[in-house]
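Raw contents of data-v1.txt, compact mmCIF, C-alpha atoms:
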# COMPACT_ATOMS: atom_id res chain seq x y z
CA MET E 21 59.54 94.60 115.97
CA GLU E 22 60.39 90.99 116.68
CA GLU E 23 61.09 88.91 113.59
CA LYS E 24 61.42 85.15 113.49
CA ILE E 25 62.69 82.71 110.91
CA GLU E 26 63.31 79.00 110.85
CA GLN E 27 66.47 77.45 109.49
CA LYS E 28 68.00 74.05 109.17
CA VAL E 29 71.36 73.80 110.96
CA SER E 30 74.12 72.22 108.85
CA SER E 31 76.16 69.26 110.06
CA ASN E 32 78.89 71.52 111.50
CA GLY E 33 76.44 73.91 113.16
CA ARG E 34 76.39 76.63 110.52
CA ILE E 35 73.38 78.84 109.96
CA VAL E 36 72.90 81.90 107.76
CA ILE E 37 71.98 85.27 109.23
CA PRO E 38 69.43 86.80 106.85
CA LYS E 39 70.86 89.58 104.67
CA LYS E 40 68.35 92.12 105.96
CA TRP E 41 69.39 91.46 109.57
CA ARG E 42 73.10 91.58 108.62
CA GLU E 43 72.58 94.96 107.01
CA GLU E 44 70.62 96.30 109.96
CA MET E 45 73.33 95.13 112.36
CA ASP E 46 76.10 96.32 110.03
CA LEU E 47 77.63 92.85 109.98
CA LYS E 48 80.27 92.68 107.28
CA ASP E 49 82.79 90.12 106.15
CA GLY E 50 85.27 90.01 109.04
CA SER E 51 82.91 91.38 111.69
CA ILE E 52 83.13 89.56 114.99
CA ILE E 53 80.03 88.42 116.85
CA GLU E 54 79.49 87.30 120.41
CA LEU E 55 77.29 84.31 121.16
CA GLU E 56 75.70 83.89 124.55
CA TYR E 57 74.11 80.61 125.53
CA GLU E 58 71.26 80.76 128.04
CA GLY E 59 69.62 77.41 128.49
CA SER E 60 67.70 76.86 125.26
CA ILE E 61 68.34 80.35 123.89
CA ILE E 62 71.39 81.52 121.96
CA LYS E 63 71.82 85.29 121.81
CA LEU E 64 73.97 86.77 119.09
CA LYS E 65 75.35 90.29 119.07
CA LYS E 66 77.93 92.17 117.09
CA LYS E 67 81.14 92.62 119.02
CA LYS E 68 82.06 96.26 118.94
CA HIS E 69 85.63 97.00 117.97
CA PRO E 70 87.23 99.31 120.57
CA LEU E 71 87.98 101.78 117.79
CA GLU E 72 84.22 102.21 117.26
CA ASP E 73 83.99 103.57 120.82
CA CYS E 74 86.60 106.18 119.90
CA ILE E 75 84.89 107.54 116.81
CA GLY E 76 83.85 111.10 117.57
CA LEU E 77 86.05 111.32 120.66
CA PHE E 78 88.28 114.05 119.19
CA GLU E 79 85.39 115.81 117.41
CA GLY E 80 85.64 119.60 117.46
CA THR E 81 89.42 119.58 117.94
CA GLU E 82 92.19 119.38 115.42
CA PHE E 83 95.68 118.08 114.96
CA THR E 84 97.06 119.84 111.93
CA GLU E 85 100.29 119.21 110.05
CA GLU E 86 101.58 122.34 111.80
CA ASP E 87 100.66 120.87 115.21
CA HIS E 88 102.49 117.71 114.20
CA LYS E 89 105.54 119.70 113.19
CA ASN E 90 105.57 121.48 116.54
CA ALA E 91 105.11 118.23 118.46
CA LYS E 92 108.01 116.70 116.52
CA LYS E 93 110.20 119.69 117.33
CA SER E 94 109.40 119.43 121.03
CA LEU E 95 110.44 115.80 121.12
CA TRP E 96 114.10 116.61 120.86
CA ARG E 97 114.16 120.06 122.39
CA THR E 98 115.99 120.29 125.68
CA MET G 11 95.55 81.85 105.61
CA PRO G 12 97.51 84.77 104.09
CA GLU G 13 99.25 87.07 106.55
CA LYS G 14 97.30 90.24 107.24
CA LYS G 15 98.65 93.45 105.78
CA HIS G 16 100.28 95.84 108.23
CA VAL G 17 100.19 99.59 107.77
CA ILE G 18 101.92 102.26 109.82
CA LEU G 19 100.09 105.38 111.01
CA ASN G 20 101.61 108.75 111.72
CA ALA G 21 100.14 110.99 114.42
CA VAL G 22 97.84 112.98 112.12
CA ALA G 23 96.34 109.83 110.58
CA LEU G 24 95.89 108.36 114.06
CA PHE G 25 94.14 111.52 115.25
CA TYR G 26 91.63 111.33 112.39
CA LEU G 27 90.54 107.82 113.37
CA GLN G 28 88.72 109.43 116.30
CA ILE G 29 86.71 111.77 114.07
CA GLN G 30 83.22 110.92 112.82
CA ASP G 31 83.77 111.96 109.21
CA PRO G 32 87.46 111.97 108.36
CA PRO G 33 88.73 112.25 104.77
CA LYS G 34 87.57 109.28 102.63
CA ILE G 35 90.90 107.42 102.71
CA LEU G 36 90.98 107.54 106.49
CA LYS G 37 87.32 106.54 106.73
CA GLU G 38 88.26 103.42 104.74
CA LEU G 39 91.20 102.87 107.06
CA GLN G 40 88.84 103.02 110.09
CA SER G 41 86.62 100.44 108.46
CA ASP G 42 89.50 98.16 107.41
CA ILE G 43 90.86 98.12 110.96
CA ILE G 44 87.44 97.40 112.45
CA THR G 45 86.67 94.57 110.03
CA GLY G 46 90.18 93.16 110.33
CA LYS G 47 91.26 93.60 106.71
CA ILE G 48 94.43 95.25 107.94
CA THR G 49 96.45 95.61 111.11
CA ALA G 50 97.42 99.16 111.98
CA VAL G 51 100.75 99.70 113.70
CA ILE G 52 100.88 102.83 115.85
CA PRO G 53 104.40 103.93 116.80
CA THR G 54 104.46 105.08 120.44
CA ILE G 55 106.04 108.30 119.23
CA ALA G 56 102.82 109.12 117.31
CA ILE G 57 100.74 108.70 120.47
CA SER G 58 103.12 110.93 122.42
CA GLU G 59 102.71 113.67 119.81
CA ILE G 60 98.92 113.70 120.15
CA LEU G 61 99.31 113.55 123.92
CA TRP G 62 101.57 116.62 123.74
CA LYS G 63 98.83 118.59 121.97
CA LYS G 64 95.93 117.26 124.06
CA ARG G 65 97.68 118.14 127.30
CA LYS G 66 97.91 121.73 126.09
CA GLU G 67 94.17 121.72 125.36
CA GLY G 68 93.26 120.99 128.96
CA GLU G 69 92.08 118.27 131.25
CA GLU G 70 88.95 117.31 129.32
CA GLN G 71 90.88 116.66 126.12
CA LEU G 72 93.60 114.85 128.03
CA GLU G 73 90.95 112.52 129.47
CA LYS G 74 89.65 111.83 125.95
CA LEU G 75 93.15 110.95 124.84
CA LYS G 76 93.44 108.56 127.79
CA ILE G 77 90.19 106.85 126.75
CA ALA G 78 91.38 106.53 123.15
CA TYR G 79 94.75 105.20 124.31
CA SER G 80 93.12 102.50 126.43
CA LYS G 81 90.90 101.50 123.49
CA TRP G 82 93.88 101.31 121.10
CA LYS G 83 95.63 99.06 123.60
CA GLU G 84 92.75 96.62 123.83
CA ALA G 85 91.87 96.63 120.12
CA HIS G 86 92.56 93.66 117.93
CA ASN G 87 94.04 94.73 114.59
CA ILE G 88 95.96 97.53 116.31
CA ILE G 89 99.55 97.15 117.49
CA ILE G 90 101.28 99.83 119.52
CA ASP G 91 104.98 99.55 118.90
CA GLY G 92 107.89 101.42 120.41
CA PHE G 93 111.39 102.42 119.42
CA ASP G 94 113.49 99.40 120.33
CA ILE G 95 116.67 97.51 119.61
CA LYS G 96 115.30 95.99 116.40
CA ILE G 97 114.77 99.47 115.02
CA LEU G 98 118.16 100.58 116.31
CA ASP G 99 119.77 97.58 114.57
CA LYS G 100 118.35 98.88 111.29
CA MET G 101 119.19 102.46 112.13
CA VAL G 102 122.92 101.79 112.40
CA GLU G 103 122.82 100.48 108.82
CA LEU G 104 121.55 103.80 107.40
CA LYS G 105 124.15 105.55 105.26
CA ARG G 106 122.84 109.06 105.85
CA SER G 107 120.99 110.89 108.58
CA TYR G 108 117.36 111.84 108.19
CA GLU G 109 115.21 113.62 110.74
CA LEU G 110 115.38 111.31 113.74
CA HIS G 111 111.61 111.17 114.18
CA ASP G 112 111.18 110.13 110.54
CA GLU G 113 113.89 107.48 110.84
CA ILE G 114 112.03 105.85 113.72
CA ILE G 115 108.70 105.88 111.87
CA ALA G 116 110.23 104.63 108.60
CA LEU G 117 112.17 101.89 110.34
CA THR G 118 108.96 100.79 112.04
CA CYS G 119 107.68 100.12 108.50
CA HIS G 120 110.85 98.13 107.90
CA LYS G 121 110.33 96.15 111.12
CA TYR G 122 106.81 95.14 110.03
CA LYS G 123 107.90 94.48 106.43
CA THR G 124 105.43 96.97 105.03
CA LYS G 125 105.83 99.88 102.67
CA THR G 126 102.49 101.47 103.50
CA ILE G 127 102.47 104.47 105.78
CA TYR G 128 99.54 106.81 106.29
CA THR G 129 101.01 110.30 106.22
CA ASN G 130 100.81 113.49 104.18
CA ASP G 131 104.58 113.75 104.33
CA SER G 132 105.93 112.79 100.90
CA LYS G 133 109.49 112.68 102.31
CA PHE G 134 108.83 109.07 103.28
CA LYS G 135 109.24 108.08 99.63
CA ASP G 136 112.95 108.70 100.21
CA PHE G 137 113.09 105.74 102.57
CA TRP G 138 113.52 102.59 100.46
CA GLY G 139 110.54 103.39 98.29
CA LEU G 140 107.99 103.53 101.10
CA ASN G 141 104.49 104.17 99.89
CA PRO G 142 103.00 107.12 101.80
CA VAL G 143 99.20 107.13 101.61
CA SER G 144 98.02 110.73 101.86
CA TRP G 145 94.56 112.29 102.01
Starting from the coordinates I provided, produce the structure as structure tokens.
Amino acid sequence: MEEKIEQKVSSNGRIVIPKKWREEMDLKDGSIIELEYEGSIIKLKKKKHPLEDCIGLFEGTEFTEEDHKNAKKSLWRT
Amino acid sequence: MPEKKHVILNAVALFYLQIQDPPKILKELQSDIITGKITAVIPTIAISEILWKKRKEGEEQLEKLKIAYSKWKEAHNIIIDGFDIKILDKMVELKRSYELHDEIIALTCHKYKTKTIYTNDSKFKDFWGLNPVSW
């Protein structure tokens, strides 16, 4: 559902994203957003961290301490 | 602005970052990297260890590793760092020999002036009071 609000822009261009929208978009302190300017419209979207694309990538597999030990051993084996 | 905290990841910790629900400490690490609270340093040796296992698991898993690797490379708040002359400079100062792999990882901590390393290996406490974070 489309929601609209009105806000006054501060002298240096700051506005506040409503808390409810921040929560829905999972915008936290430190999150990076992308702004796109199209004529009279500014689009804002959360920039996805590349690590977020990786989450779940190794699901269903494992890398145990034993695997690590074996990998370490193989490093120096000739 | 204060300098961002660096932490070093071993291969097992790195692997868990690609899992939906890792142990709580690693879930927080995922979030701290994404939001930029910390910068994670991944030693190249840790990537090669996961690669070693993934290659054994077949082509599909190897492709997944390649995707993850390309994402780590492009990610802000992640540094991939290799064994180099700065680490070797520190290595020649060591008075005793440890396992070579551990020396490289521990000296990477030294290079980034951090004591925090994500690993379940408590041996890292032996290196100048490093602080291994385990899960």
Note to self: For a quick test of understanding: name the residues of chain E lying within 12 Å of chain G when counting all atoms listed in the file, and present them as a PyMOL selection string.
What the structure shows: chain E and resi 46-53+66-96
Within 12 Å of G:Asp99, counting only C-alpha atoms, which residues qualify if same-chain residues fewer than 5 places away don't, as a PDB file with C-alpha atoms, in the frame of the given file?
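Done, and the output landed in selection_24.pdb:
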ATOM      1  CA  PHE G  93     111.390 102.420 119.420  1.00  0.00           C
ATOM      2  CA  ASP G  94     113.490  99.400 120.330  1.00  0.00           C
ATOM      3  CA  LEU G 104     121.550 103.800 107.400  1.00  0.00           C
ATOM      4  CA  ILE G 114     112.030 105.850 113.720  1.00  0.00           C
ATOM      5  CA  LEU G 117     112.170 101.890 110.340  1.00  0.00           C
ATOM      6  CA  THR G 118     108.960 100.790 112.040  1.00  0.00           C
ATOM      7  CA  HIS G 120     110.850  98.130 107.900  1.00  0.00           C
ATOM      8  CA  LYS G 121     110.330  96.150 111.120  1.00  0.00           C
TER       9      LYS G 121
END
Check: Interatomic distance between atom CA of G:Val143 and atom CA of G:Val102?
Finding: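 Between atom CA of G:Val143 and atom CA of G:Val102 the gap works out to 26.6 Å.
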Next item on the list: Tell me, in Å to one decimal, how far atom CA of G:Thr126 is from atom CA of G:His16.
Entry: 7.7 Å
Skip stretch 49-54 of chain G itself and residues of its chain fewer than 4 positions away, then list as an mmCIF file with C-alpha atoms, keeping the file's coordinate frame all residues within 6 Å of it, counting all atoms listed in the file.
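New file result_28.cif:
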data_model
loop_
_atom_site.group_PDB
_atom_site.id
_atom_site.type_symbol
_atom_site.label_atom_id
_atom_site.label_comp_id
_atom_site.auth_asym_id
_atom_site.auth_seq_id
_atom_site.Cartn_x
_atom_site.Cartn_y
_atom_site.Cartn_z
ATOM 1 C CA HIS G 16 100.280 95.840 108.230
ATOM 2 C CA VAL G 17 100.190 99.590 107.770
ATOM 3 C CA ILE G 18 101.920 102.260 109.820
ATOM 4 C CA LEU G 19 100.090 105.380 111.010
ATOM 5 C CA ASN G 87 94.040 94.730 114.590
ATOM 6 C CA ILE G 88 95.960 97.530 116.310
ATOM 7 C CA ILE G 89 99.550 97.150 117.490
ATOM 8 C CA ILE G 90 101.280 99.830 119.520
ATOM 9 C CA ASP G 91 104.980 99.550 118.900
ATOM 10 C CA GLY G 92 107.890 101.420 120.410
#
Next item on the list: Excluding E:Ile25 and any residue of its chain fewer than 3 positions from it, enumerate the residues within 12 Å of it, using only C-alpha atoms, and give them as a PyMOL selection string.
Entry: chain E and resi 22+28+35-38+41
Next item on the list: Kindly indicate which residue among G:Glu38, G:Tyr108, G:Cys119, G:Ile57 lies nearest to G:Lys76, using all atoms listed in the file for the distances.
Entry: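 So, comparing all the options, the nearest one is G:Ile57.
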Next item on the list: Could you please determine the separation between atom CA of G:Lys14 and atom CA of G:Glu113 in Å, to one decimal place?
Entry: 24.2 Å
With 8 Å of padding per side, what axis-aligned box (centre and edge lengths, Å, one decimal) covers all the listed atoms of stretch 75-86 of chain E? Give it as JSON.
{"center_x": 92.7, "center_y": 114.9, "center_z": 115.4, "size_x": 33.7, "size_y": 30.8, "size_z": 26.6}
Next item on the list: Using only C-alpha atoms, collect all residues at a distance of at most 6 Å from (104.0, 92.8, 107.2) as written in the file, then present them as a PyMOL selection string.
Entry: chain G and resi 15-16+122-124
